[in-house]
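*Asks:* Got protein14.pdb for you, PDB, C-alpha atoms, pLDDT in the B column:
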ATOM      1  CA  MET A  54      16.682 -14.960   7.693  1.00 51.00           C
ATOM      2  CA  ARG A  55      14.292 -13.259   5.266  1.00 60.00           C
ATOM      3  CA  GLY A  56      15.071  -9.995   3.525  1.00 61.00           C
ATOM      4  CA  PRO A  57      13.001  -6.884   4.163  1.00 64.00           C
ATOM      5  CA  SER A  58       9.451  -6.850   2.874  1.00 66.00           C
ATOM      6  CA  PRO A  59       9.008  -4.666  -0.176  1.00 90.00           C
ATOM      7  CA  PHE A  60       7.078  -1.482  -0.531  1.00 92.00           C
ATOM      8  CA  TRP A  61       4.265  -1.406  -3.055  1.00 92.00           C
ATOM      9  CA  ILE A  62       3.436   1.631  -5.164  1.00 94.00           C
ATOM     10  CA  VAL A  63      -0.360   1.737  -5.052  1.00 95.00           C
ATOM     11  CA  LYS A  64      -2.652   3.726  -7.346  1.00 96.00           C
ATOM     12  CA  CYS A  65      -5.694   5.248  -5.650  1.00 95.00           C
ATOM     13  CA  PRO A  66      -8.977   4.054  -7.196  1.00 93.00           C
ATOM     14  CA  ASP A  67     -10.608   7.443  -6.536  1.00 94.00           C
ATOM     15  CA  CYS A  68      -8.057  10.062  -7.629  1.00 95.00           C
ATOM     16  CA  SER A  69      -5.419   7.969  -9.471  1.00 92.00           C
ATOM     17  CA  GLY A  70      -2.659   9.341  -7.253  1.00 94.00           C
ATOM     18  CA  GLU A  71       0.223   6.966  -6.488  1.00 95.00           C
ATOM     19  CA  GLN A  72       1.971   6.449  -3.158  1.00 94.00           C
ATOM     20  CA  PRO A  73       4.210   3.874  -1.483  1.00 94.00           C
ATOM     21  CA  VAL A  74       2.633   1.417   0.955  1.00 93.00           C
ATOM     22  CA  PHE A  75       4.524  -1.075   3.130  1.00 92.00           C
ATOM     23  CA  SER A  76       3.448  -4.579   2.073  1.00 92.00           C
ATOM     24  CA  ARG A  77       2.856  -5.633   5.701  1.00 92.00           C
ATOM     25  CA  ALA A  78       1.137  -2.467   6.897  1.00 92.00           C
ATOM     26  CA  ALA A  79       0.011  -2.543  10.534  1.00 94.00           C
ATOM     27  CA  THR A  80      -2.435   0.369  10.207  1.00 95.00           C
ATOM     28  CA  THR A  81      -4.968   1.510   7.632  1.00 96.00           C
ATOM     29  CA  ILE A  82      -3.264   3.510   4.873  1.00 95.00           C
ATOM     30  CA  ASN A  83      -5.147   6.441   3.353  1.00 96.00           C
ATOM     31  CA  CYS A  84      -4.409   8.326   0.141  1.00 95.00           C
ATOM     32  CA  LEU A  85      -2.465  11.518   0.813  1.00 95.00           C
ATOM     33  CA  VAL A  86      -4.344  13.329  -1.970  1.00 95.00           C
ATOM     34  CA  CYS A  87      -8.026  12.484  -1.386  1.00 95.00           C
ATOM     35  CA  GLY A  88      -8.080  10.468   1.868  1.00 94.00           C
ATOM     36  CA  ALA A  89      -9.510   7.258   0.369  1.00 95.00           C
ATOM     37  CA  THR A  90      -8.467   3.961   1.978  1.00 95.00           C
ATOM     38  CA  LEU A  91      -5.665   2.300  -0.004  1.00 94.00           C
ATOM     39  CA  ALA A  92      -4.736  -0.622   2.256  1.00 94.00           C
ATOM     40  CA  THR A  93      -5.952  -2.321   5.420  1.00 95.00           C
ATOM     41  CA  PRO A  94      -3.938  -4.561   7.758  1.00 95.00           C
ATOM     42  CA  THR A  95      -4.635  -8.304   7.880  1.00 94.00           C
ATOM     43  CA  GLY A  96      -1.871  -9.593  10.162  1.00 91.00           C
ATOM     44  CA  GLY A  97       0.150 -10.559   7.085  1.00 91.00           C
ATOM     45  CA  LEU A  98       0.244  -8.884   3.717  1.00 91.00           C
ATOM     46  CA  ALA A  99      -1.940  -5.777   3.567  1.00 93.00           C
ATOM     47  CA  LYS A 100      -5.242  -5.993   1.687  1.00 95.00           C
ATOM     48  CA  LEU A 101      -5.249  -3.422  -1.103  1.00 94.00           C
ATOM     49  CA  ARG A 102      -8.228  -1.426  -2.291  1.00 92.00           C
ATOM     50  CA  GLY A 103      -6.154   0.361  -4.916  1.00 86.00           C
ATOM     51  CA  GLU A 104      -4.157  -1.157  -7.757  1.00 90.00           C
ATOM     52  CA  ARG A 105      -0.549  -2.233  -7.164  1.00 91.00           C
ATOM     53  CA  VAL A 106       1.485  -0.492  -9.861  1.00 91.00           C
ATOM     54  CA  ARG A 107       4.972  -1.794  -8.984  1.00 87.00           C
ATOM     55  CA  VAL A 108       7.124  -3.196  -6.177  1.00 87.00           C
ATOM     56  CA  GLU A 109      10.154  -1.423  -4.699  1.00 81.00           C
ATOM     57  CA  SER A 110      12.591  -2.843  -2.165  1.00 71.00           C
ATOM     58  CA  ALA A 111      13.400  -1.042   1.064  1.00 60.00           C
TER      59      ALA A 111
END
Render the structure in this file as structure tokens.
*Replies:*
Amino acid sequence: MRGPSPFWIVKCPDCSGEQPVFSRAATTINCLVCGATLATPTGGLAKLRGERVRVESA
């Protein structure tokens, strides 16, 4: 059995704000500050538009 998937801290390319994103996101994730798209679902690991700053476990 695998452990839980980690959360990524992603930096927004537009406003430089940081927020946690689940690594296997099932919906599009938007920045809470400016509304820019940070991650899109792919059926596996999310595709990031922003920069992954660090990884945190659940």
*Asks:* Tell me, in Å to one decimal, how far CA of Leu91 in chain A is from CA of Val108 in chain A.
*Replies:*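 Result for CA of Leu91 in chain A versus CA of Val108 in chain A: 15.2 Å, one decimal.
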*Asks:* Skip range 78-85 of chain A itself and residues of its chain fewer than 6 positions away, then list as a ChimeraX atom specification all residues within 9 Å of it, counting all atoms listed in the file.
*Replies:* /A:64-65,68,70-72,91-100
*Asks:* Neighbours of Phe75 in chain A within 7 Å (only C-alpha atoms; same-chain residues fewer than 4 positions away dropped), as a list in words?
*Replies:*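 Skipping anything fewer than 4 positions along the chain leaves Pro59, Phe60 and Trp61 of chain A.
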*Asks:* If you measure from CA of Gly88 in chain A to CA of Glu109 in chain A, what distance in Å do you get, rounded to one decimal?
*Replies:*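 Computing it gives 22.7 Å between the two atoms.
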*Asks:* Could you put an axis-aligned box around every listed atom of range 56-73 of chain A, padded by 6 Å on each side, and send me its centre and edge lengths in Å to one decimal, as AutoDock Vina command-line options?
*Replies:*
--center_x 2.2 --center_y 0.0 --center_z -2.7 --size_x 37.7 --size_y 32.1 --size_z 25.6
